[in-house]
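Source file: target.pdb. Holds: PDB, C-alpha atoms.
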ATOM      1  CA  MET A 480      -9.763  52.160  34.758
ATOM      2  CA  THR A 481     -12.296  53.242  37.358
ATOM      3  CA  ALA A 482     -15.929  52.160  37.240
ATOM      4  CA  LYS A 483     -16.855  55.780  36.447
ATOM      5  CA  ALA A 484     -14.459  55.927  33.489
ATOM      6  CA  HIS A 485     -15.752  52.546  32.329
ATOM      7  CA  LYS A 486     -19.319  53.873  32.281
ATOM      8  CA  GLN A 487     -18.175  56.907  30.283
ATOM      9  CA  GLY A 488     -16.595  54.664  27.629
ATOM     10  CA  ILE A 489     -13.058  54.336  26.357
ATOM     11  CA  ALA A 490     -10.560  56.844  27.818
ATOM     12  CA  TRP A 491      -9.387  59.660  25.514
ATOM     13  CA  TRP A 492      -5.788  58.470  25.332
ATOM     14  CA  LYS A 493      -6.916  55.090  24.002
ATOM     15  CA  TRP A 494      -8.663  56.871  21.115
ATOM     16  CA  VAL A 495      -5.372  58.720  20.419
ATOM     17  CA  LEU A 496      -3.676  55.335  19.846
ATOM     18  CA  LEU A 497      -5.695  54.764  16.666
ATOM     19  CA  PRO A 498      -4.461  57.840  14.691
ATOM     20  CA  LEU A 499      -1.002  57.422  16.229
ATOM     21  CA  MET A 500      -0.634  53.858  14.966
ATOM     22  CA  LEU A 501      -2.177  54.782  11.597
ATOM     23  CA  ALA A 502       0.460  57.524  11.332
ATOM     24  CA  VAL A 503       3.218  55.023  12.237
ATOM     25  CA  THR A 504       1.941  52.641   9.534
ATOM     26  CA  ALA A 505       1.759  55.412   6.913
ATOM     27  CA  GLN A 506       5.218  56.740   7.816
ATOM     28  CA  CYS A 507       6.617  53.203   7.785
ATOM     29  CA  TYR A 508       5.638  52.716   4.137
ATOM     30  CA  PHE A 509       5.716  56.232   2.681
ATOM     31  CA  TRP A 510       8.267  58.288   4.662
ATOM     32  CA  ALA A 511      10.947  55.956   6.046
ATOM     33  CA  GLY A 512      13.127  54.770   3.176
ATOM     34  CA  SER A 513      15.010  51.541   2.648
ATOM     35  CA  PHE A 514      17.911  50.812   4.962
ATOM     36  CA  GLN A 515      21.036  50.006   2.936
ATOM     37  CA  GLY A 516      23.516  47.344   3.982
ATOM     38  CA  PHE A 517      20.956  44.647   4.715
ATOM     39  CA  GLN A 518      19.923  41.563   2.753
ATOM     40  CA  MET A 519      16.556  43.068   1.860
ATOM     41  CA  PRO A 520      16.831  46.849   2.512
ATOM     42  CA  GLU A 521      13.092  47.636   2.388
ATOM     43  CA  ALA A 522      12.350  44.949   5.018
ATOM     44  CA  MET A 523      14.409  46.888   7.569
ATOM     45  CA  ARG A 524      11.139  48.711   8.367
ATOM     46  CA  ILE A 525      10.310  45.709  10.566
ATOM     47  CA  VAL A 526      12.354  47.541  13.259
ATOM     48  CA  PHE A 527       9.265  49.745  13.829
ATOM     49  CA  TRP A 528       7.282  46.659  14.907
ATOM     50  CA  HIS A 529       9.917  44.358  16.376
ATOM     51  CA  VAL A 530      12.321  46.527  18.398
ATOM     52  CA  PRO A 531       9.620  48.445  20.379
ATOM     53  CA  GLN A 532       8.400  45.067  21.718
ATOM     54  CA  ALA A 533      11.878  44.230  22.991
ATOM     55  CA  ILE A 534      12.207  47.665  24.652
ATOM     56  CA  LEU A 535       8.726  47.483  26.202
ATOM     57  CA  SER A 536       9.248  43.963  27.518
ATOM     58  CA  LEU A 537      12.198  45.289  29.522
ATOM     59  CA  VAL A 538      10.070  48.221  30.763
ATOM     60  CA  TRP A 539       7.324  45.853  32.001
ATOM     61  CA  TYR A 540       9.798  43.420  33.575
ATOM     62  CA  GLY A 541      11.060  46.528  35.413
ATOM     63  CA  VAL A 542       7.498  47.425  36.501
ATOM     64  CA  ALA A 543       7.009  43.844  37.783
ATOM     65  CA  ALA A 544      10.236  44.123  39.793
ATOM     66  CA  PHE A 545       9.238  47.564  41.140
ATOM     67  CA  TYR A 546       5.891  46.315  42.453
ATOM     68  CA  GLY A 547       7.608  43.178  43.764
ATOM     69  CA  TYR A 548       9.929  45.417  45.774
ATOM     70  CA  ARG A 549       6.943  47.502  46.896
ATOM     71  CA  TYR A 550       5.186  44.378  48.116
ATOM     72  CA  LEU A 551       8.216  43.393  50.187
ATOM     73  CA  ALA A 552       8.274  46.911  51.677
ATOM     74  CA  SER A 553       4.526  47.385  52.237
ATOM     75  CA  ARG A 554       3.108  43.806  52.417
ATOM     76  CA  ASP A 555       0.092  45.081  50.468
ATOM     77  CA  LEU A 556      -1.195  42.066  48.499
ATOM     78  CA  PHE A 557      -2.463  44.258  45.687
ATOM     79  CA  ASP A 558       1.164  45.239  44.953
ATOM     80  CA  ASP A 559       1.768  41.525  44.340
ATOM     81  CA  THR A 560      -1.190  41.519  41.932
ATOM     82  CA  ARG A 561       0.247  44.566  40.130
ATOM     83  CA  SER A 562       3.628  42.831  39.895
ATOM     84  CA  SER A 563       2.208  39.610  38.437
ATOM     85  CA  VAL A 564       0.019  41.489  35.934
ATOM     86  CA  ALA A 565       3.061  43.516  34.800
ATOM     87  CA  ALA A 566       5.018  40.256  34.384
ATOM     88  CA  GLU A 567       2.163  38.840  32.290
ATOM     89  CA  ILE A 568       2.192  41.901  30.005
ATOM     90  CA  ALA A 569       5.996  41.642  29.753
ATOM     91  CA  LEU A 570       5.716  37.980  28.740
ATOM     92  CA  LEU A 571       3.084  38.815  26.107
ATOM     93  CA  VAL A 572       5.349  41.542  24.675
ATOM     94  CA  THR A 573       8.367  39.196  24.742
ATOM     95  CA  ILE A 574       6.420  36.581  22.741
ATOM     96  CA  LEU A 575       5.463  39.283  20.198
ATOM     97  CA  ALA A 576       9.117  40.400  20.022
ATOM     98  CA  ALA A 577      10.236  36.802  19.373
ATOM     99  CA  ALA A 578       7.536  36.196  16.736
ATOM    100  CA  SER A 579       8.147  39.446  14.825
ATOM    101  CA  GLY A 580      11.894  38.839  15.176
ATOM    102  CA  ALA A 581      11.485  35.435  13.532
ATOM    103  CA  ILE A 582       9.984  37.145  10.446
ATOM    104  CA  PHE A 583      12.887  39.595  10.474
ATOM    105  CA  ALA A 584      15.367  36.697  10.779
ATOM    106  CA  TYR A 585      13.746  34.827   7.892
ATOM    107  CA  VAL A 586      14.137  37.870   5.630
ATOM    108  CA  GLN A 587      17.681  38.834   6.661
ATOM    109  CA  TRP A 588      19.323  35.518   7.547
ATOM    110  CA  GLY A 589      17.274  33.032   5.501
ATOM    111  CA  ALA A 590      15.888  31.110   8.487
ATOM    112  CA  ALA A 591      13.232  32.066  11.021
ATOM    113  CA  TRP A 592      15.196  30.471  13.853
ATOM    114  CA  SER A 593      18.958  29.995  13.789
ATOM    115  CA  TRP A 594      19.759  29.879  17.544
ATOM    116  CA  ASP A 595      21.461  33.255  17.385
ATOM    117  CA  ILE A 596      22.484  34.282  20.902
ATOM    118  CA  LYS A 597      19.706  36.904  21.122
ATOM    119  CA  GLN A 598      17.172  34.265  20.093
ATOM    120  CA  VAL A 599      18.604  31.961  22.760
ATOM    121  CA  GLY A 600      18.410  34.835  25.268
ATOM    122  CA  ILE A 601      14.761  35.609  24.522
ATOM    123  CA  THR A 602      13.900  31.873  24.759
ATOM    124  CA  LEU A 603      15.606  31.737  28.178
ATOM    125  CA  LEU A 604      13.675  34.801  29.281
ATOM    126  CA  MET A 605      10.310  33.376  28.165
ATOM    127  CA  SER A 606      11.085  30.075  29.937
ATOM    128  CA  LEU A 607      12.067  31.986  33.076
ATOM    129  CA  TYR A 608       8.759  33.860  33.210
ATOM    130  CA  LEU A 609       6.687  30.799  32.292
ATOM    131  CA  ALA A 610       8.341  29.175  35.324
ATOM    132  CA  TYR A 611       7.359  32.280  37.355
ATOM    133  CA  PHE A 612       3.678  31.681  36.544
ATOM    134  CA  VAL A 613       4.000  27.946  37.264
ATOM    135  CA  LEU A 614       5.529  28.861  40.646
ATOM    136  CA  ARG A 615       2.662  31.245  41.408
ATOM    137  CA  ALA A 616       0.067  28.653  40.427
ATOM    138  CA  SER A 617       1.685  26.028  42.657
ATOM    139  CA  ILE A 618       1.500  28.073  45.894
ATOM    140  CA  SER A 619      -1.937  28.519  47.429
ATOM    141  CA  GLU A 620      -0.959  30.573  50.480
ATOM    142  CA  PRO A 621      -1.207  34.232  49.302
ATOM    143  CA  ARG A 622       1.559  35.729  51.487
ATOM    144  CA  THR A 623       4.099  33.006  50.655
ATOM    145  CA  ARG A 624       3.206  33.267  46.970
ATOM    146  CA  ALA A 625       3.579  37.057  47.047
ATOM    147  CA  SER A 626       6.973  36.990  48.831
ATOM    148  CA  LEU A 627       8.481  34.363  46.515
ATOM    149  CA  SER A 628       7.047  36.054  43.411
ATOM    150  CA  ALA A 629       8.446  39.419  44.509
ATOM    151  CA  ALA A 630      11.944  37.981  44.941
ATOM    152  CA  TYR A 631      11.602  36.189  41.570
ATOM    153  CA  ALA A 632      10.450  39.365  39.786
ATOM    154  CA  ILE A 633      13.383  41.369  41.187
ATOM    155  CA  PHE A 634      15.786  38.637  40.073
ATOM    156  CA  GLY A 635      13.963  38.435  36.719
ATOM    157  CA  VAL A 636      14.641  42.024  35.660
ATOM    158  CA  PHE A 637      18.397  41.451  36.084
ATOM    159  CA  ALA A 638      18.061  38.233  34.061
ATOM    160  CA  ALA A 639      16.252  40.219  31.329
ATOM    161  CA  VAL A 640      19.046  42.825  31.161
ATOM    162  CA  PHE A 641      21.579  39.981  31.068
ATOM    163  CA  CYS A 642      19.767  38.163  28.228
ATOM    164  CA  TYR A 643      19.219  41.309  26.131
ATOM    165  CA  TYR A 644      22.417  43.281  26.656
ATOM    166  CA  VAL A 645      25.166  41.311  28.432
ATOM    167  CA  LEU A 646      24.975  37.871  26.784
ATOM    168  CA  PRO A 647      25.274  39.168  23.169
ATOM    169  CA  ARG A 648      28.502  40.979  24.117
ATOM    170  CA  PHE A 649      30.273  37.703  24.901
ATOM    171  CA  VAL A 650      29.082  35.641  21.936
ATOM    172  CA  ASP A 651      29.016  36.501  18.221
ATOM    173  CA  THR A 652      25.547  37.478  17.089
ATOM    174  CA  LEU A 653      23.861  37.869  13.716
ATOM    175  CA  HIS A 654      21.961  40.867  15.072
ATOM    176  CA  PRO A 655      23.343  44.252  13.990
ATOM    177  CA  GLY A 656      24.783  46.272  16.872
ATOM    178  CA  THR A 657      22.755  49.195  18.203
ATOM    179  CA  ASP A 658      25.485  51.588  16.991
ATOM    180  CA  VAL A 659      25.036  50.264  13.412
ATOM    181  CA  ILE A 660      21.272  50.845  13.570
ATOM    182  CA  ARG A 661      21.573  54.258  15.232
ATOM    183  CA  SER A 662      24.097  55.540  12.677
ATOM    184  CA  GLY A 663      21.824  54.470   9.813
ATOM    185  CA  MET A 664      18.632  55.961  11.232
ATOM    186  CA  ASP A 665      17.678  59.288   9.732
ATOM    187  CA  ALA A 666      15.011  61.694  11.065
ATOM    188  CA  ALA A 667      12.194  59.726   9.393
ATOM    189  CA  TYR A 668      13.338  56.485  10.996
ATOM    190  CA  ARG A 669      13.859  58.045  14.429
ATOM    191  CA  THR A 670      10.486  59.834  14.447
ATOM    192  CA  THR A 671       8.567  56.758  13.282
ATOM    193  CA  PHE A 672      10.440  54.491  15.665
ATOM    194  CA  TRP A 673       9.737  56.544  18.810
ATOM    195  CA  MET A 674       6.114  57.128  17.768
ATOM    196  CA  SER A 675       5.804  53.345  17.483
ATOM    197  CA  VAL A 676       7.351  52.851  20.949
ATOM    198  CA  LEU A 677       4.855  55.388  22.364
ATOM    199  CA  GLY A 678       1.890  53.758  20.599
ATOM    200  CA  PHE A 679       2.782  50.267  21.737
ATOM    201  CA  PHE A 680       3.387  51.539  25.256
ATOM    202  CA  GLY A 681      -0.229  52.731  25.116
ATOM    203  CA  PHE A 682      -1.381  49.241  24.095
ATOM    204  CA  THR A 683       0.566  47.635  26.941
ATOM    205  CA  LEU A 684      -0.808  50.151  29.470
ATOM    206  CA  TRP A 685      -4.345  49.467  28.192
ATOM    207  CA  SER A 686      -3.775  45.702  28.597
ATOM    208  CA  TYR A 687      -2.294  46.215  32.078
ATOM    209  CA  GLN A 688      -5.244  48.308  33.279
ATOM    210  CA  LEU A 689      -7.764  45.824  31.883
ATOM    211  CA  LYS A 690      -6.063  42.852  33.535
ATOM    212  CA  LEU A 691      -5.892  44.725  36.865
ATOM    213  CA  ARG A 692      -9.654  45.287  36.591
ATOM    214  CA  VAL A 693     -10.131  41.523  36.125
ATOM    215  CA  GLU A 694      -8.095  40.899  39.287
ATOM    216  CA  ARG A 695     -10.066  43.505  41.280
ATOM    217  CA  VAL A 696     -13.423  42.010  40.255
ATOM    218  CA  ALA A 697     -12.138  38.464  40.930
ATOM    219  CA  ASP A 698     -10.997  39.592  44.413
ATOM    220  CA  ALA A 699     -14.427  41.129  45.081
ATOM    221  CA  LEU A 700     -16.154  37.903  43.972
ATOM    222  CA  ALA A 701     -13.857  35.807  46.172
ATOM    223  CA  ALA A 702     -14.509  38.093  49.160
ATOM    224  CA  ARG A 703     -18.249  37.816  48.600
ATOM    225  CA  ALA A 704     -18.062  34.026  48.319
ATOM    226  CA  SER A 705     -16.129  33.739  51.590
ATOM    227  CA  SER A 706     -18.636  35.815  53.576
ATOM    228  CA  PRO A 707     -22.458  35.409  53.834
ATOM    229  CA  ALA A 708     -23.661  36.936  50.623
ATOM    230  CA  THR A 709     -27.234  37.856  51.413
ATOM    231  CA  ALA A 710     -28.947  39.635  54.242
ATOM    232  CA  ASP A 711     -30.927  36.431  54.957
ATOM    233  CA  GLU A 712     -27.693  34.434  55.410
ATOM    234  CA  ARG A 713     -26.221  37.121  57.698
ATOM    235  CA  LEU A 714     -29.401  37.113  59.811
ATOM    236  CA  GLU A 715     -29.571  33.318  60.092
ATOM    237  CA  PRO A 716     -27.462  33.006  63.314
ATOM    238  CA  VAL A 717     -29.529  35.813  64.885
ATOM    239  CA  ARG A 718     -32.806  34.035  64.054
ATOM    240  CA  ARG A 719     -31.631  30.828  65.748
ATOM    241  CA  GLN A 720     -31.239  32.605  69.131
ATOM    242  CA  PRO A 721     -34.246  32.299  71.522
ATOM    243  CA  VAL A 722     -36.288  35.492  71.574
ATOM    244  CA  ALA A 723     -36.917  36.927  75.068
ATOM    245  CA  GLU A 724     -40.434  38.128  75.854
ATOM    246  CA  PRO A 725     -40.400  41.967  76.040
ATOM    247  CA  VAL A 726     -40.930  43.201  79.588
ATOM    248  CA  GLY A 727     -44.118  45.188  80.152
ATOM    249  CA  ARG A 728     -45.750  44.235  76.875
ATOM    250  CA  THR A 729     -48.911  42.236  77.037
ATOM    251  CA  GLY A 730     -50.344  42.163  73.590
ATOM    252  CA  GLY A 731     -50.399  43.720  70.150
ATOM    253  CA  ASP A 732     -50.251  47.390  69.287
TER     254      ASP A 732
ATOM    255  CA  MET B1209       9.217  45.229  -2.978
ATOM    256  CA  ASP B1210       8.955  41.692  -1.543
ATOM    257  CA  GLY B1211      10.428  42.973   1.690
ATOM    258  CA  LEU B1212       7.346  45.137   2.274
ATOM    259  CA  TYR B1213       5.151  42.018   2.439
ATOM    260  CA  TYR B1214       7.268  40.797   5.327
ATOM    261  CA  VAL B1215       6.922  44.216   7.007
ATOM    262  CA  ALA B1216       3.136  43.956   6.603
ATOM    263  CA  ALA B1217       3.181  40.417   8.040
ATOM    264  CA  ALA B1218       5.223  41.497  11.088
ATOM    265  CA  SER B1219       3.016  44.531  11.759
ATOM    266  CA  ALA B1220      -0.194  42.477  11.381
ATOM    267  CA  LEU B1221       1.164  39.814  13.737
ATOM    268  CA  VAL B1222       2.061  42.319  16.466
ATOM    269  CA  ILE B1223      -1.192  44.311  16.223
ATOM    270  CA  ALA B1224      -3.252  41.071  16.140
ATOM    271  CA  GLY B1225      -1.401  39.842  19.235
ATOM    272  CA  TYR B1226      -2.333  42.956  21.227
ATOM    273  CA  PHE B1227      -5.931  42.992  20.033
ATOM    274  CA  ALA B1228      -6.413  39.269  20.736
ATOM    275  CA  TYR B1229      -5.172  39.831  24.308
ATOM    276  CA  ILE B1230      -7.218  43.002  24.895
ATOM    277  CA  ILE B1231     -10.427  41.449  23.493
ATOM    278  CA  ALA B1232      -9.968  38.243  25.551
ATOM    279  CA  VAL B1233      -9.357  40.187  28.790
ATOM    280  CA  GLU B1234     -12.217  42.623  28.068
ATOM    281  CA  LYS B1235     -14.564  39.649  27.572
ATOM    282  CA  LYS B1236     -13.364  38.086  30.832
ATOM    283  CA  VAL B1237     -13.852  41.313  32.819
ATOM    284  CA  ARG B1238     -17.387  41.741  31.466
ATOM    285  CA  ASP B1239     -18.271  38.137  32.369
ATOM    286  CA  LEU B1240     -16.921  38.618  35.892
ATOM    287  CA  GLU B1241     -18.684  41.958  36.338
ATOM    288  CA  LYS B1242     -21.995  40.327  35.413
ATOM    289  CA  ARG B1243     -21.518  37.849  38.285
ATOM    290  CA  LEU B1244     -20.659  40.616  40.756
TER     291      LEU B1244
END
Can you turn what I pasted into structure tokens?
Amino acid sequence: MTAKAHKQGIAWWKWVLLPLMLAVTAQCYFWAGSFQGFQMPEAMRIVFWHVPQAILSLVWYGVAAFYGYRYLASRDLFDDTRSSVAAEIALLVTILAAASGAIFAYVQWGAAWSWDIKQVGITLLMSLYLAYFVLRASISEPRTRASLSAAYAIFGVFAAVFCYYVLPRFVDTLHPGTDVIRSGMDAAYRTTFWMSVLGFFGFTLWSYQLKLRVERVADALAARASSPATADERLEPVRRQPVAEPVGRTGGD
Amino acid sequence: MDGLYYVAAASALVIAGYFAYIIAVEKKVRDLEKRL
């Protein structure tokens, strides 16, 4: 968000999120019906809160990889900042997906955590991106940190696709297949689901913009700290130089 | 009917997660902007 927009208050699209998410909540309870074929059919509505997080985590891992690639192409350090902020949002969303999924698992399978292959995959993914932030914190040289992080982020998006989509195809999973869910979703489910994805995308974009603003202000503070901050400090070396007597001037004005 | 309580718990958890993050980052940006 620009400083001008900040002064004007919250952007219009952020206000739209409130009625949108209220509509998702209302539709979740009053329009979308129970989903037959599951242990507790009415609890299937958790898909409106859990699955969008999984989808959006992949989107933000993709954004992190995109800006990582852009950094390698342009060597603009702010692309590295964008990439790391996107990875942070992706990690936040992954944690929310795992936590809401644990509630879903408790209802449907009787245990919050049963080391199902998708649960193992999401744990791997969270560990991978926690390691990414440890790596970033351990390198002080900005260019080296940016190059390694960019390569890691590009590798990371393939790891995310592998954990979410490839791994469950090789090992039996308790999760229902996407074809099972799609065939059971009527218009009410589909509408509510995609409205929820849109609403949560808005929340992630809001978080991303805010965190970028933090990084911009932190950069400005660091730049100010590394250069003489006040006019007095900038003038100090000039004051130390001997002052030559002006030629042709003998006294005051 | 019990299933709906779990739906409410999952939705509250996710929304609270986003708001906790947004409020924490908003607070941090305001603190930094005061120092600028």
Could the residues of chain A within 6 Å of chain B, counting all atoms listed in the file, be given as an MDAnalysis selection string, please?
chainID A and resid 521:522 525 528 575 579 686 693
So which residues get picked by the PyMOL selection byres ((chain A and resi 553-563) around 12) here, written as a ChimeraX atom specification?
/A:539-552,564-570,608-609,611-616,620-633,635-636,687-695,697-698
Filtering to C-alpha atoms, could you give me those residues as a PDB file, keeping the file's coordinate frame?
ATOM      1  CA  TRP A 539       7.324  45.853  32.001  1.00  0.00           C
ATOM      2  CA  TYR A 540       9.798  43.420  33.575  1.00  0.00           C
ATOM      3  CA  GLY A 541      11.060  46.528  35.413  1.00  0.00           C
ATOM      4  CA  VAL A 542       7.498  47.425  36.501  1.00  0.00           C
ATOM      5  CA  ALA A 543       7.009  43.844  37.783  1.00  0.00           C
ATOM      6  CA  ALA A 544      10.236  44.123  39.793  1.00  0.00           C
ATOM      7  CA  PHE A 545       9.238  47.564  41.140  1.00  0.00           C
ATOM      8  CA  TYR A 546       5.891  46.315  42.453  1.00  0.00           C
ATOM      9  CA  GLY A 547       7.608  43.178  43.764  1.00  0.00           C
ATOM     10  CA  TYR A 548       9.929  45.417  45.774  1.00  0.00           C
ATOM     11  CA  ARG A 549       6.943  47.502  46.896  1.00  0.00           C
ATOM     12  CA  TYR A 550       5.186  44.378  48.116  1.00  0.00           C
ATOM     13  CA  LEU A 551       8.216  43.393  50.187  1.00  0.00           C
ATOM     14  CA  ALA A 552       8.274  46.911  51.677  1.00  0.00           C
ATOM     15  CA  VAL A 564       0.019  41.489  35.934  1.00  0.00           C
ATOM     16  CA  ALA A 565       3.061  43.516  34.800  1.00  0.00           C
ATOM     17  CA  ALA A 566       5.018  40.256  34.384  1.00  0.00           C
ATOM     18  CA  GLU A 567       2.163  38.840  32.290  1.00  0.00           C
ATOM     19  CA  ILE A 568       2.192  41.901  30.005  1.00  0.00           C
ATOM     20  CA  ALA A 569       5.996  41.642  29.753  1.00  0.00           C
ATOM     21  CA  LEU A 570       5.716  37.980  28.740  1.00  0.00           C
ATOM     22  CA  TYR A 608       8.759  33.860  33.210  1.00  0.00           C
ATOM     23  CA  LEU A 609       6.687  30.799  32.292  1.00  0.00           C
ATOM     24  CA  TYR A 611       7.359  32.280  37.355  1.00  0.00           C
ATOM     25  CA  PHE A 612       3.678  31.681  36.544  1.00  0.00           C
ATOM     26  CA  VAL A 613       4.000  27.946  37.264  1.00  0.00           C
ATOM     27  CA  LEU A 614       5.529  28.861  40.646  1.00  0.00           C
ATOM     28  CA  ARG A 615       2.662  31.245  41.408  1.00  0.00           C
ATOM     29  CA  ALA A 616       0.067  28.653  40.427  1.00  0.00           C
ATOM     30  CA  GLU A 620      -0.959  30.573  50.480  1.00  0.00           C
ATOM     31  CA  PRO A 621      -1.207  34.232  49.302  1.00  0.00           C
ATOM     32  CA  ARG A 622       1.559  35.729  51.487  1.00  0.00           C
ATOM     33  CA  THR A 623       4.099  33.006  50.655  1.00  0.00           C
ATOM     34  CA  ARG A 624       3.206  33.267  46.970  1.00  0.00           C
ATOM     35  CA  ALA A 625       3.579  37.057  47.047  1.00  0.00           C
ATOM     36  CA  SER A 626       6.973  36.990  48.831  1.00  0.00           C
ATOM     37  CA  LEU A 627       8.481  34.363  46.515  1.00  0.00           C
ATOM     38  CA  SER A 628       7.047  36.054  43.411  1.00  0.00           C
ATOM     39  CA  ALA A 629       8.446  39.419  44.509  1.00  0.00           C
ATOM     40  CA  ALA A 630      11.944  37.981  44.941  1.00  0.00           C
ATOM     41  CA  TYR A 631      11.602  36.189  41.570  1.00  0.00           C
ATOM     42  CA  ALA A 632      10.450  39.365  39.786  1.00  0.00           C
ATOM     43  CA  ILE A 633      13.383  41.369  41.187  1.00  0.00           C
ATOM     44  CA  GLY A 635      13.963  38.435  36.719  1.00  0.00           C
ATOM     45  CA  VAL A 636      14.641  42.024  35.660  1.00  0.00           C
ATOM     46  CA  TYR A 687      -2.294  46.215  32.078  1.00  0.00           C
ATOM     47  CA  GLN A 688      -5.244  48.308  33.279  1.00  0.00           C
ATOM     48  CA  LEU A 689      -7.764  45.824  31.883  1.00  0.00           C
ATOM     49  CA  LYS A 690      -6.063  42.852  33.535  1.00  0.00           C
ATOM     50  CA  LEU A 691      -5.892  44.725  36.865  1.00  0.00           C
ATOM     51  CA  ARG A 692      -9.654  45.287  36.591  1.00  0.00           C
ATOM     52  CA  VAL A 693     -10.131  41.523  36.125  1.00  0.00           C
ATOM     53  CA  GLU A 694      -8.095  40.899  39.287  1.00  0.00           C
ATOM     54  CA  ARG A 695     -10.066  43.505  41.280  1.00  0.00           C
ATOM     55  CA  ALA A 697     -12.138  38.464  40.930  1.00  0.00           C
ATOM     56  CA  ASP A 698     -10.997  39.592  44.413  1.00  0.00           C
TER      57      ASP A 698
END
Taking (21.2, 33.2, 15.9) in the file's own coordinates, collect the residues within 12 Å, counting all atoms listed in the file, and hand them back as a list in words.
Gly580, Ala581, Phe583, Ala584, Tyr585, Gln587, Trp588, Gly589, Ala590, Ala591, Trp592, Ser593, Trp594, Asp595, Ile596, Lys597, Gln598, Val599, Gly600, Ile601, Thr602, Pro647, Val650, Asp651, Thr652, Leu653, His654 and Pro655 of chain A
Which value, in Å to one decimal, gives the distance between atom CA of Tyr508 of chain A and atom CA of Thr683 of chain A?
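Value for the atom CA of Tyr508 of chain A-atom CA of Thr683 of chain A distance: 23.9 Å.
Between atom CA of Leu497 of chain A and atom CA of Leu537 of chain A there is a distance of 24.0 Å.
The space between atom CA of Lys493 of chain A and atom CA of Leu571 of chain A spans 19.2 Å.
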Listed atoms of segment 681-686 of chain A boxed axis-aligned with 5 Å per side, centre + edges as JSON:
{"center_x": -1.9, "center_y": 49.2, "center_z": 26.8, "size_x": 14.9, "size_y": 17.0, "size_z": 15.4}
List every protein, DNA or RNA residue that has at least one atom no more than 12 Å from (-2.9, 55.2, 14.7) in the file's coordinates, counting all atoms listed in the file, and write the result as a ChimeraX atom specification.
/A:492-507,671,674-675,677-679,681-682 /B:1223
Take the residues from that selection and write them out as a PDB file, in the coordinates of the input, keeping C-alpha atoms.
ATOM      1  CA  TRP A 492      -5.788  58.470  25.332  1.00  0.00           C
ATOM      2  CA  LYS A 493      -6.916  55.090  24.002  1.00  0.00           C
ATOM      3  CA  TRP A 494      -8.663  56.871  21.115  1.00  0.00           C
ATOM      4  CA  VAL A 495      -5.372  58.720  20.419  1.00  0.00           C
ATOM      5  CA  LEU A 496      -3.676  55.335  19.846  1.00  0.00           C
ATOM      6  CA  LEU A 497      -5.695  54.764  16.666  1.00  0.00           C
ATOM      7  CA  PRO A 498      -4.461  57.840  14.691  1.00  0.00           C
ATOM      8  CA  LEU A 499      -1.002  57.422  16.229  1.00  0.00           C
ATOM      9  CA  MET A 500      -0.634  53.858  14.966  1.00  0.00           C
ATOM     10  CA  LEU A 501      -2.177  54.782  11.597  1.00  0.00           C
ATOM     11  CA  ALA A 502       0.460  57.524  11.332  1.00  0.00           C
ATOM     12  CA  VAL A 503       3.218  55.023  12.237  1.00  0.00           C
ATOM     13  CA  THR A 504       1.941  52.641   9.534  1.00  0.00           C
ATOM     14  CA  ALA A 505       1.759  55.412   6.913  1.00  0.00           C
ATOM     15  CA  GLN A 506       5.218  56.740   7.816  1.00  0.00           C
ATOM     16  CA  CYS A 507       6.617  53.203   7.785  1.00  0.00           C
ATOM     17  CA  THR A 671       8.567  56.758  13.282  1.00  0.00           C
ATOM     18  CA  MET A 674       6.114  57.128  17.768  1.00  0.00           C
ATOM     19  CA  SER A 675       5.804  53.345  17.483  1.00  0.00           C
ATOM     20  CA  LEU A 677       4.855  55.388  22.364  1.00  0.00           C
ATOM     21  CA  GLY A 678       1.890  53.758  20.599  1.00  0.00           C
ATOM     22  CA  PHE A 679       2.782  50.267  21.737  1.00  0.00           C
ATOM     23  CA  GLY A 681      -0.229  52.731  25.116  1.00  0.00           C
ATOM     24  CA  PHE A 682      -1.381  49.241  24.095  1.00  0.00           C
TER      25      PHE A 682
ATOM     26  CA  ILE B1223      -1.192  44.311  16.223  1.00  0.00           C
TER      27      ILE B1223
END
